[in-house]
Every structure is written in structure tokens, then in C-alpha cells.
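Data file: input.pdb. Format and content: PDB, C-alpha atoms.
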ATOM      1  CA  MET Z   1      69.088-126.642  -5.567
ATOM      2  CA  ALA Z   2      70.094-125.468  -9.029
ATOM      3  CA  TYR Z   3      66.424-124.856  -9.827
ATOM      4  CA  SER Z   4      66.015-122.816  -6.654
ATOM      5  CA  VAL Z   5      68.955-120.554  -7.505
ATOM      6  CA  SER Z   6      67.720-120.059 -11.057
ATOM      7  CA  SER Z   7      64.206-119.244  -9.875
ATOM      8  CA  THR Z   8      65.483-116.687  -7.382
ATOM      9  CA  THR Z   9      67.716-115.094  -9.979
ATOM     10  CA  GLU Z  10      64.893-114.878 -12.498
ATOM     11  CA  SER Z  11      62.587-113.391  -9.874
ATOM     12  CA  GLU Z  12      65.145-110.767  -8.900
ATOM     13  CA  GLY Z  13      65.725-109.982 -12.553
ATOM     14  CA  ARG Z  14      62.015-109.457 -13.183
ATOM     15  CA  GLU Z  15      61.737-107.248 -10.097
ATOM     16  CA  ALA Z  16      64.701-105.122 -11.181
ATOM     17  CA  GLN Z  17      63.259-104.854 -14.668
ATOM     18  CA  ASP Z  18      59.890-103.764 -13.274
ATOM     19  CA  ILE Z  19      61.266-100.948 -11.115
ATOM     20  CA  SER Z  20      63.845 -99.854 -13.688
ATOM     21  CA  GLY Z  21      60.978 -98.466 -15.750
ATOM     22  CA  ARG Z  22      60.031 -95.974 -13.066
ATOM     23  CA  TYR Z  23      61.130 -92.437 -13.861
ATOM     24  CA  TRP Z  24      63.299 -92.033 -10.756
ATOM     25  CA  ASN Z  25      65.276 -95.147 -11.716
ATOM     26  CA  ALA Z  26      65.906 -94.141 -15.319
ATOM     27  CA  ASN Z  27      69.533 -94.164 -16.463
ATOM     28  CA  ILE Z  28      71.044 -95.319 -13.182
ATOM     29  CA  PRO Z  29      72.954 -98.558 -12.425
ATOM     30  CA  LYS Z  30      70.931-101.668 -11.564
ATOM     31  CA  GLU Z  31      72.368-101.878  -8.052
ATOM     32  CA  GLN Z  32      71.069 -98.371  -7.287
ATOM     33  CA  LEU Z  33      67.441 -99.026  -8.277
ATOM     34  CA  THR Z  34      64.859 -98.299  -5.587
ATOM     35  CA  GLU Z  35      61.197 -99.198  -5.203
ATOM     36  CA  GLU Z  36      60.315 -95.763  -3.841
ATOM     37  CA  TRP Z  37      61.169 -92.457  -5.481
ATOM     38  CA  ARG Z  38      64.040 -90.403  -4.193
ATOM     39  CA  GLU Z  39      62.777 -87.493  -2.142
ATOM     40  CA  TYR Z  40      64.300 -84.839  -4.394
ATOM     41  CA  LEU Z  41      62.304 -86.267  -7.320
ATOM     42  CA  SER Z  42      58.973 -86.599  -5.527
ATOM     43  CA  SER Z  43      57.202 -83.460  -6.781
ATOM     44  CA  ILE Z  44      58.615 -82.791 -10.220
ATOM     45  CA  SER Z  45      56.661 -81.846 -13.336
ATOM     46  CA  GLU Z  46      55.566 -84.252 -16.048
ATOM     47  CA  LYS Z  47      58.003 -82.502 -18.387
ATOM     48  CA  ASN Z  48      60.922 -83.245 -16.061
ATOM     49  CA  LYS Z  49      59.800 -86.856 -15.624
ATOM     50  CA  GLY Z  50      59.905 -87.223 -19.393
ATOM     51  CA  ILE Z  51      63.396 -85.725 -19.585
ATOM     52  CA  LEU Z  52      64.720 -88.041 -16.865
ATOM     53  CA  CYS Z  53      63.509 -91.074 -18.819
ATOM     54  CA  GLN Z  54      65.566 -90.144 -21.885
ATOM     55  CA  LYS Z  55      69.203 -91.001 -22.528
ATOM     56  CA  ASP Z  56      71.768 -88.212 -22.573
ATOM     57  CA  ASN Z  57      72.665 -89.044 -26.157
ATOM     58  CA  ASP Z  58      69.039 -88.382 -27.144
ATOM     59  CA  PHE Z  59      69.742 -84.670 -26.654
ATOM     60  CA  ASN Z  60      71.407 -82.312 -29.106
ATOM     61  CA  ARG Z  61      73.107 -79.124 -28.001
ATOM     62  CA  LEU Z  62      71.202 -76.062 -29.146
ATOM     63  CA  SER Z  63      73.059 -74.005 -31.729
ATOM     64  CA  TRP Z  64      73.375 -70.228 -31.530
ATOM     65  CA  ALA Z  65      70.705 -69.868 -34.232
ATOM     66  CA  GLU Z  66      68.341 -72.112 -32.251
ATOM     67  CA  VAL Z  67      68.975 -70.161 -29.047
ATOM     68  CA  GLN Z  68      68.222 -66.902 -30.860
ATOM     69  CA  HIS Z  69      65.013 -68.364 -32.273
ATOM     70  CA  LEU Z  70      63.737 -69.584 -28.891
ATOM     71  CA  VAL Z  71      64.397 -66.212 -27.279
ATOM     72  CA  ASN Z  72      63.002 -64.157 -30.155
ATOM     73  CA  THR Z  73      59.808 -66.245 -30.270
ATOM     74  CA  ASN Z  74      59.499 -66.298 -26.449
ATOM     75  CA  HIS Z  75      59.700 -70.089 -26.223
ATOM     76  CA  ILE Z  76      62.161 -70.086 -23.345
ATOM     77  CA  GLU Z  77      60.365 -73.061 -21.792
ATOM     78  CA  ARG Z  78      62.059 -75.172 -24.481
ATOM     79  CA  PHE Z  79      65.483 -74.612 -22.981
ATOM     80  CA  GLN Z  80      66.417 -77.762 -21.110
ATOM     81  CA  ARG Z  81      69.201 -79.833 -19.647
ATOM     82  CA  THR Z  82      70.096 -83.434 -20.421
ATOM     83  CA  SER Z  83      68.636 -86.111 -18.175
ATOM     84  CA  SER Z  84      71.832 -86.464 -16.122
ATOM     85  CA  GLN Z  85      72.201 -82.677 -15.821
ATOM     86  CA  LEU Z  86      68.580 -82.332 -14.744
ATOM     87  CA  ARG Z  87      68.891 -85.083 -12.136
ATOM     88  CA  ALA Z  88      72.003 -83.437 -10.685
ATOM     89  CA  TYR Z  89      70.304 -80.024 -10.723
ATOM     90  CA  LEU Z  90      67.187 -81.270  -8.912
ATOM     91  CA  GLU Z  91      69.293 -83.048  -6.308
ATOM     92  CA  TYR Z  92      71.338 -79.882  -5.802
ATOM     93  CA  ILE Z  93      68.231 -77.723  -5.337
ATOM     94  CA  TYR Z  94      66.977 -80.249  -2.767
ATOM     95  CA  TYR Z  95      70.340 -80.060  -0.973
ATOM     96  CA  LEU Z  96      70.184 -76.246  -0.878
ATOM     97  CA  HIS Z  97      66.726 -76.359   0.708
ATOM     98  CA  LYS Z  98      67.993 -78.765   3.352
ATOM     99  CA  LYS Z  99      71.188 -76.858   4.166
ATOM    100  CA  TYR Z 100      70.165 -73.216   3.722
ATOM    101  CA  GLY Z 101      66.397 -73.337   4.170
ATOM    102  CA  SER Z 102      65.733 -72.037   0.664
ATOM    103  CA  VAL Z 103      67.404 -71.437  -2.670
ATOM    104  CA  LEU Z 104      66.913 -67.699  -2.077
ATOM    105  CA  SER Z 105      68.959 -67.803   1.127
ATOM    106  CA  TYR Z 106      71.808 -69.611  -0.625
ATOM    107  CA  VAL Z 107      71.841 -67.327  -3.668
ATOM    108  CA  GLN Z 108      71.556 -64.148  -1.608
ATOM    109  CA  HIS Z 109      74.216 -64.926   0.979
ATOM    110  CA  GLU Z 110      76.589 -67.396  -0.681
ATOM    111  CA  ARG Z 111      76.548 -66.332  -4.337
ATOM    112  CA  LEU Z 112      75.555 -62.661  -4.337
ATOM    113  CA  HIS Z 113      76.865 -61.805  -0.854
ATOM    114  CA  TRP Z 114      74.023 -59.375  -0.248
ATOM    115  CA  GLU Z 115      73.153 -58.597   3.361
ATOM    116  CA  ASP Z 116      69.643 -57.627   2.309
ATOM    117  CA  ILE Z 117      67.695 -57.410  -0.923
ATOM    118  CA  THR Z 118      66.144 -53.977  -0.452
ATOM    119  CA  PRO Z 119      66.734 -51.944  -3.633
ATOM    120  CA  SER Z 120      68.447 -48.566  -3.426
ATOM    121  CA  GLY Z 121      65.480 -46.674  -4.823
ATOM    122  CA  ASP Z 122      67.372 -45.558  -7.924
ATOM    123  CA  ARG Z 123      66.053 -46.336 -11.380
ATOM    124  CA  PRO Z 124      66.657 -49.964 -12.437
ATOM    125  CA  PHE Z 125      70.228 -50.820 -13.476
ATOM    126  CA  ILE Z 126      71.639 -47.471 -12.337
ATOM    127  CA  SER Z 127      73.086 -48.359  -8.924
ATOM    128  CA  PRO Z 128      75.675 -51.191  -8.979
ATOM    129  CA  THR Z 129      74.441 -52.209  -5.533
ATOM    130  CA  ASP Z 130      71.110 -53.226  -7.070
ATOM    131  CA  TYR Z 131      72.366 -55.923  -9.439
ATOM    132  CA  LYS Z 132      75.090 -58.488  -9.952
ATOM    133  CA  ILE Z 133      76.174 -60.501 -12.993
ATOM    134  CA  LEU Z 134      77.149 -64.146 -12.531
ATOM    135  CA  TYR Z 135      77.666 -67.143 -14.754
ATOM    136  CA  ASN Z 136      74.771 -69.575 -14.619
ATOM    137  CA  ASP Z 137      75.839 -72.438 -12.345
ATOM    138  CA  TRP Z 138      73.522 -74.798 -14.236
ATOM    139  CA  PRO Z 139      73.455 -73.705 -17.894
ATOM    140  CA  TYR Z 140      71.150 -75.287 -20.427
ATOM    141  CA  TYR Z 141      72.371 -77.798 -23.000
ATOM    142  CA  VAL Z 142      73.604 -75.344 -25.611
ATOM    143  CA  ASP Z 143      76.660 -75.062 -27.839
ATOM    144  CA  GLU Z 144      79.786 -75.019 -25.685
ATOM    145  CA  ASP Z 145      80.869 -71.681 -27.178
ATOM    146  CA  ILE Z 146      77.749 -70.002 -25.770
ATOM    147  CA  LYS Z 147      78.220 -68.435 -22.340
ATOM    148  CA  HIS Z 148      75.146 -68.177 -20.134
ATOM    149  CA  LEU Z 149      75.082 -65.221 -17.744
ATOM    150  CA  VAL Z 150      72.470 -64.287 -15.160
ATOM    151  CA  VAL Z 151      71.813 -60.714 -14.037
ATOM    152  CA  TRP Z 152      70.373 -60.849 -10.521
ATOM    153  CA  THR Z 153      68.487 -57.760  -9.374
ATOM    154  CA  LYS Z 154      67.126 -56.520  -6.076
ATOM    155  CA  PHE Z 155      64.397 -54.593  -7.868
ATOM    156  CA  THR Z 156      61.376 -56.050  -9.632
ATOM    157  CA  ILE Z 157      61.472 -56.167 -13.416
ATOM    158  CA  GLU Z 158      57.998 -55.124 -14.459
ATOM    159  CA  ASP Z 159      55.701 -57.436 -16.418
ATOM    160  CA  ASP Z 160      52.793 -56.427 -18.629
ATOM    161  CA  GLU Z 161      49.636 -57.464 -16.765
ATOM    162  CA  ASN Z 162      47.805 -58.302 -19.986
ATOM    163  CA  THR Z 163      50.456 -60.405 -21.724
ATOM    164  CA  GLY Z 164      52.538 -61.706 -18.814
ATOM    165  CA  LYS Z 165      55.645 -60.696 -20.758
ATOM    166  CA  ILE Z 166      58.178 -58.094 -19.705
ATOM    167  CA  SER Z 167      56.673 -54.633 -20.098
ATOM    168  CA  PRO Z 168      57.922 -52.406 -22.953
ATOM    169  CA  GLY Z 169      59.385 -49.913 -20.484
ATOM    170  CA  ALA Z 170      61.269 -52.598 -18.560
ATOM    171  CA  ALA Z 171      62.479 -54.158 -21.817
ATOM    172  CA  THR Z 172      63.950 -50.800 -22.819
ATOM    173  CA  GLN Z 173      65.730 -50.546 -19.460
ATOM    174  CA  VAL Z 174      67.186 -54.040 -19.875
ATOM    175  CA  GLU Z 175      68.259 -53.338 -23.449
ATOM    176  CA  ASP Z 176      69.995 -50.116 -22.406
ATOM    177  CA  PHE Z 177      71.775 -51.999 -19.619
ATOM    178  CA  ILE Z 178      72.881 -54.803 -21.961
ATOM    179  CA  THR Z 179      74.209 -52.332 -24.521
ATOM    180  CA  ARG Z 180      75.961 -50.193 -21.930
ATOM    181  CA  THR Z 181      77.512 -53.132 -20.070
ATOM    182  CA  PHE Z 182      78.513 -55.476 -22.870
ATOM    183  CA  CYS Z 183      78.597 -53.549 -26.141
ATOM    184  CA  SER Z 184      79.779 -49.981 -25.548
ATOM    185  CA  SER Z 185      83.342 -48.744 -25.805
ATOM    186  CA  ASP Z 186      83.307 -48.496 -22.009
ATOM    187  CA  GLY Z 187      81.981 -52.042 -21.701
ATOM    188  CA  LEU Z 188      83.179 -55.353 -23.114
ATOM    189  CA  GLN Z 189      82.666 -54.278 -26.742
ATOM    190  CA  VAL Z 190      80.748 -57.398 -27.713
ATOM    191  CA  GLU Z 191      78.835 -57.156 -30.985
ATOM    192  CA  ARG Z 192      75.154 -56.641 -30.183
ATOM    193  CA  ASP Z 193      74.048 -59.463 -32.492
ATOM    194  CA  GLN Z 194      76.154 -61.845 -30.406
ATOM    195  CA  ILE Z 195      73.911 -61.352 -27.371
ATOM    196  CA  VAL Z 196      70.363 -62.447 -26.637
ATOM    197  CA  TRP Z 197      68.574 -61.947 -23.345
ATOM    198  CA  PHE Z 198      65.340 -63.003 -21.719
ATOM    199  CA  LYS Z 199      63.542 -62.565 -18.431
ATOM    200  CA  ASN Z 200      62.427 -65.792 -16.797
ATOM    201  CA  TRP Z 201      58.694 -66.352 -16.608
ATOM    202  CA  ARG Z 202      57.472 -66.533 -13.040
ATOM    203  CA  SER Z 203      56.492 -70.188 -13.558
ATOM    204  CA  LEU Z 204      60.096 -71.042 -14.503
ATOM    205  CA  LYS Z 205      61.780 -69.299 -11.586
ATOM    206  CA  SER Z 206      63.543 -71.156  -8.786
ATOM    207  CA  VAL Z 207      64.093 -67.895  -6.843
ATOM    208  CA  HIS Z 208      61.040 -65.635  -6.723
ATOM    209  CA  ALA Z 209      62.193 -62.798  -4.452
ATOM    210  CA  LEU Z 210      64.921 -61.610  -6.829
ATOM    211  CA  GLY Z 211      64.773 -60.351 -10.384
ATOM    212  CA  LYS Z 212      66.571 -62.387 -13.014
ATOM    213  CA  VAL Z 213      67.615 -61.516 -16.556
ATOM    214  CA  GLN Z 214      69.497 -64.161 -18.492
ATOM    215  CA  SER Z 215      71.930 -63.352 -21.269
ATOM    216  CA  SER Z 216      73.950 -65.440 -23.711
TER     217      SER Z 216
END

Please, can you express the file's structure as C-alpha cells?
Amino acid sequence: MAYSVSSTTESEGREAQDISGRYWNANIPKEQLTEEWREYLSSISEKNKGILCQKDNDFNRLSWAEVQHLVNTNHIERFQRTSSQLRAYLEYIYYLHKKYGSVLSYVQHERLHWEDITPSGDRPFISPTDYKILYNDWPYYVDEDIKHLVVWTKFTIEDDENTGKISPGAATQVEDFITRTFCSSDGLQVERDQIVWFKNWRSLKSVHALGKVQSS
């Protein structure tokens, strides 16, 4: 009988060890391991799978200098969350799809409180009805003194067809808006060198029907 118990225990241990190596089981308690992936993790990128398999203490918060460098060199894809933050974020996005039908519906109606997303027709960043500034609900793993804001817009922020980057004209409009809103005597009077901004690449967006400028 003792042999039987030991054999069963060893078998269960080997099974748990085998499935613990699967990306959806990384960094979770043994009793919560599953043989099949969780639905909210079923279609994630290889990059996200790699992040989930790391420990939270493998990550270092990005400093202000590092944030500036990533933005200035257009390497915004290198912004990331820790494994536990990413898991929570992916589960939350899945929940929003289930409850609201889409992330767009949730953001539009619950966060922005916009009845519709038709722009006013004014030039970008002129009409207050065309944009709204919110804190990022799921900021990246950066220095705790860095505040991550998102400027949501009803209008499209133009990209350069050749480079895929924000067009020079649109970049000027964003820069004028940033300066006017955060740096001027009528704004928050933040020093300009204390702000960086970027426009999300289309491939990095979770909401495609709205414009999105991110500022720190």
C-alpha cells in the first residue's frame, strides 16, 4: 500500500511538472495548473508567451532616460508589462469582449462617455468634443514617478504612407496640442523636456476605431 501511494504521488508530481512548463501555467500556483490553455491566452503572440514565462523580478522598471530613448528612436514595441501585469491585462481584455462585445464599446461608452465617435469636422485638437485625456488604465512597467496619459481622439491621426510613421503635418498638430495643453501658461506649465509622446502603431492598437496619442 505504501508503494502504491508513493507511485501515485510521483506520477502526479511528474504530471504537474510537465504541464507547469506550458506558457499558460507559468508563474501560477500548482493547484491552478491546467492541461489546456485558458481561453484568454489562446491566441497571443510569441512575444507575449515569452513574457508570461518570465518571473516578475526578471523585469526592471524603465527609467525616464530609457523611456525617452525608446520614444525618440521609435522603438515603442519595447514597452512592456511584467508577466503578472500582462496576464491580468489579457484576462481583462477578454472580459471586456465578453461583457461589452468589444474593447471599443467599453472605451467609448464607459471610459470616454461618447455617444458617437463622429468628429466635429474642425481641425484636429481644436474642438474639445473631439478628444479626451485619460490616465492609462494599464501603464507599462516604467519608473513610478512617470505618469502615462492617453489622448483619445475621434479623428484619425494621419500616417505617412511610405514610412508608416505619423505624418509630419500630424506630428506638428500633436506637438502644438501637447505644448498648448501641458506646457503653456494657460496649461499645466510642465517643462517641455519632461514630456514625451508617441502614436501607437496600428499593429500595437487594441482599439482601432479611435485615435490614440500616448504621453508621459

Checklist entry - If you measure from atom CA of Z:Lys99 to atom CA of Z:Tyr141, what distance in Å do you get, rounded to one decimal? => result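 Result for atom CA of Z:Lys99 versus atom CA of Z:Tyr141: 27.2 Å, one decimal.
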
Running the PyMOL selection byres ((chain Z and resi 64) around 12) on this model by hand, what would come out? Give it as a PDB file with C-alpha atoms, in the frame of the given file.
ATOM      1  CA  ARG Z  61      73.107 -79.124 -28.001  1.00  0.00           C
ATOM      2  CA  LEU Z  62      71.202 -76.062 -29.146  1.00  0.00           C
ATOM      3  CA  SER Z  63      73.059 -74.005 -31.729  1.00  0.00           C
ATOM      4  CA  ALA Z  65      70.705 -69.868 -34.232  1.00  0.00           C
ATOM      5  CA  GLU Z  66      68.341 -72.112 -32.251  1.00  0.00           C
ATOM      6  CA  VAL Z  67      68.975 -70.161 -29.047  1.00  0.00           C
ATOM      7  CA  GLN Z  68      68.222 -66.902 -30.860  1.00  0.00           C
ATOM      8  CA  HIS Z  69      65.013 -68.364 -32.273  1.00  0.00           C
ATOM      9  CA  LEU Z  70      63.737 -69.584 -28.891  1.00  0.00           C
ATOM     10  CA  VAL Z  71      64.397 -66.212 -27.279  1.00  0.00           C
ATOM     11  CA  TYR Z 141      72.371 -77.798 -23.000  1.00  0.00           C
ATOM     12  CA  VAL Z 142      73.604 -75.344 -25.611  1.00  0.00           C
ATOM     13  CA  ASP Z 143      76.660 -75.062 -27.839  1.00  0.00           C
ATOM     14  CA  GLU Z 144      79.786 -75.019 -25.685  1.00  0.00           C
ATOM     15  CA  ASP Z 145      80.869 -71.681 -27.178  1.00  0.00           C
ATOM     16  CA  ILE Z 146      77.749 -70.002 -25.770  1.00  0.00           C
ATOM     17  CA  LYS Z 147      78.220 -68.435 -22.340  1.00  0.00           C
ATOM     18  CA  HIS Z 148      75.146 -68.177 -20.134  1.00  0.00           C
ATOM     19  CA  ASP Z 193      74.048 -59.463 -32.492  1.00  0.00           C
ATOM     20  CA  GLN Z 194      76.154 -61.845 -30.406  1.00  0.00           C
ATOM     21  CA  ILE Z 195      73.911 -61.352 -27.371  1.00  0.00           C
ATOM     22  CA  VAL Z 196      70.363 -62.447 -26.637  1.00  0.00           C
ATOM     23  CA  SER Z 216      73.950 -65.440 -23.711  1.00  0.00           C
TER      24      SER Z 216
END

Item to check | All residues 9 Å or closer to stretch 112-124 of chain Z, all atoms listed in the file, same chain fewer than 6 positions away omitted, as a PyMOL selection string | outcome: chain Z and resi 106+130-134+152-157+170+173-174+209-210

Checklist entry - Mind pulling up the distance from atom CA of Z:Gln80 to atom CA of Z:Tyr100? => result 25.5 Å

Checklist entry - What gap, in Å, lies between atom CA of Z:Ser84 and atom CA of Z:Asn27? => result 8.0 Å

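Here the PyMOL selection byres ((chain Z and resi 33-41) around 7) matches the residues Ile19, Ser20, Trp24, Asn25, Pro29, Lys30, Glu31, Gln32, Ser42, Ser43, Ile44, Leu90, Glu91 and Tyr94 of chain Z.
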
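Considering the residues Z:Phe79, Z:Phe182, Z:Trp197, Z:Tyr95 and counting all atoms listed in the file, Z:Pro139 has its shortest atom-to-atom contact with Z:Phe79.
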
Item to check | Contact residues around Z:Ser83 with only C-alpha atoms at 10 Å, ignoring same-chain residues under 5 positions, as a ChimeraX atom specification | outcome: /Z:26-27,48-59,88-89

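For the set Z:Leu86, Z:Val190, Z:Ile178, Z:Val213, the residue with the smallest atom-to-atom gap to Z:Ile166 is Z:Val213, counting all atoms listed in the file.
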
Item to check | Nearest residue to Z:Val150 from the set Z:Phe198, Z:Thr129, Z:Arg180, Z:Glu175 (distances using only C-alpha atoms) | outcome: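 Nearest to Z:Val150: Z:Phe198.
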
Could stretch 120-139 of chain Z be completed with N, CA and C atoms and returned as a CSV table (one decimal), in the coordinates of the input?
chain,number,residue,atom,x,y,z
Z,120,SER,N,68.0,-49.9,-3.8
Z,120,SER,CA,68.4,-48.6,-3.4
Z,120,SER,C,67.4,-47.5,-3.6
Z,121,GLY,N,66.5,-47.7,-4.5
Z,121,GLY,CA,65.5,-46.7,-4.8
Z,121,GLY,C,65.8,-45.9,-6.1
Z,122,ASP,N,67.0,-46.2,-6.6
Z,122,ASP,CA,67.4,-45.6,-7.9
Z,122,ASP,C,66.6,-46.3,-9.1
Z,123,ARG,N,66.7,-45.7,-10.2
Z,123,ARG,CA,66.1,-46.3,-11.4
Z,123,ARG,C,66.8,-47.7,-11.6
Z,124,PRO,N,66.1,-48.7,-12.2
Z,124,PRO,CA,66.7,-50.0,-12.4
Z,124,PRO,C,68.0,-49.9,-13.2
Z,125,PHE,N,68.9,-50.7,-12.8
Z,125,PHE,CA,70.2,-50.8,-13.5
Z,125,PHE,C,71.1,-49.6,-13.4
Z,126,ILE,N,70.8,-48.6,-12.5
Z,126,ILE,CA,71.6,-47.5,-12.3
Z,126,ILE,C,72.7,-47.7,-11.2
Z,127,SER,N,72.2,-48.1,-10.1
Z,127,SER,CA,73.1,-48.4,-8.9
Z,127,SER,C,73.7,-49.8,-9.0
Z,128,PRO,N,75.0,-49.9,-9.0
Z,128,PRO,CA,75.7,-51.2,-9.0
Z,128,PRO,C,75.3,-52.1,-7.8
Z,129,THR,N,74.8,-51.4,-6.7
Z,129,THR,CA,74.4,-52.2,-5.5
Z,129,THR,C,73.1,-53.0,-5.7
Z,130,ASP,N,72.4,-52.6,-6.8
Z,130,ASP,CA,71.1,-53.2,-7.1
Z,130,ASP,C,71.2,-54.5,-8.0
Z,131,TYR,N,72.3,-54.8,-8.5
Z,131,TYR,CA,72.4,-55.9,-9.4
Z,131,TYR,C,73.7,-56.6,-9.4
Z,132,LYS,N,73.8,-57.8,-9.9
Z,132,LYS,CA,75.1,-58.5,-10.0
Z,132,LYS,C,75.0,-59.5,-11.1
Z,133,ILE,N,76.1,-59.6,-11.8
Z,133,ILE,CA,76.2,-60.5,-13.0
Z,133,ILE,C,77.0,-61.7,-12.6
Z,134,LEU,N,76.4,-62.9,-12.8
Z,134,LEU,CA,77.1,-64.1,-12.5
Z,134,LEU,C,77.0,-65.1,-13.7
Z,135,TYR,N,77.9,-66.0,-13.8
Z,135,TYR,CA,77.7,-67.1,-14.8
Z,135,TYR,C,76.6,-68.0,-14.2
Z,136,ASN,N,75.8,-68.6,-15.1
Z,136,ASN,CA,74.8,-69.6,-14.6
Z,136,ASN,C,75.5,-70.8,-14.1
Z,137,ASP,N,75.2,-71.2,-12.9
Z,137,ASP,CA,75.8,-72.4,-12.3
Z,137,ASP,C,75.3,-73.7,-13.0
Z,138,TRP,N,74.1,-73.6,-13.6
Z,138,TRP,CA,73.5,-74.8,-14.2
Z,138,TRP,C,73.0,-74.4,-15.6
Z,139,PRO,N,73.9,-74.1,-16.6
Z,139,PRO,CA,73.5,-73.7,-17.9
Z,139,PRO,C,72.7,-74.8,-18.6
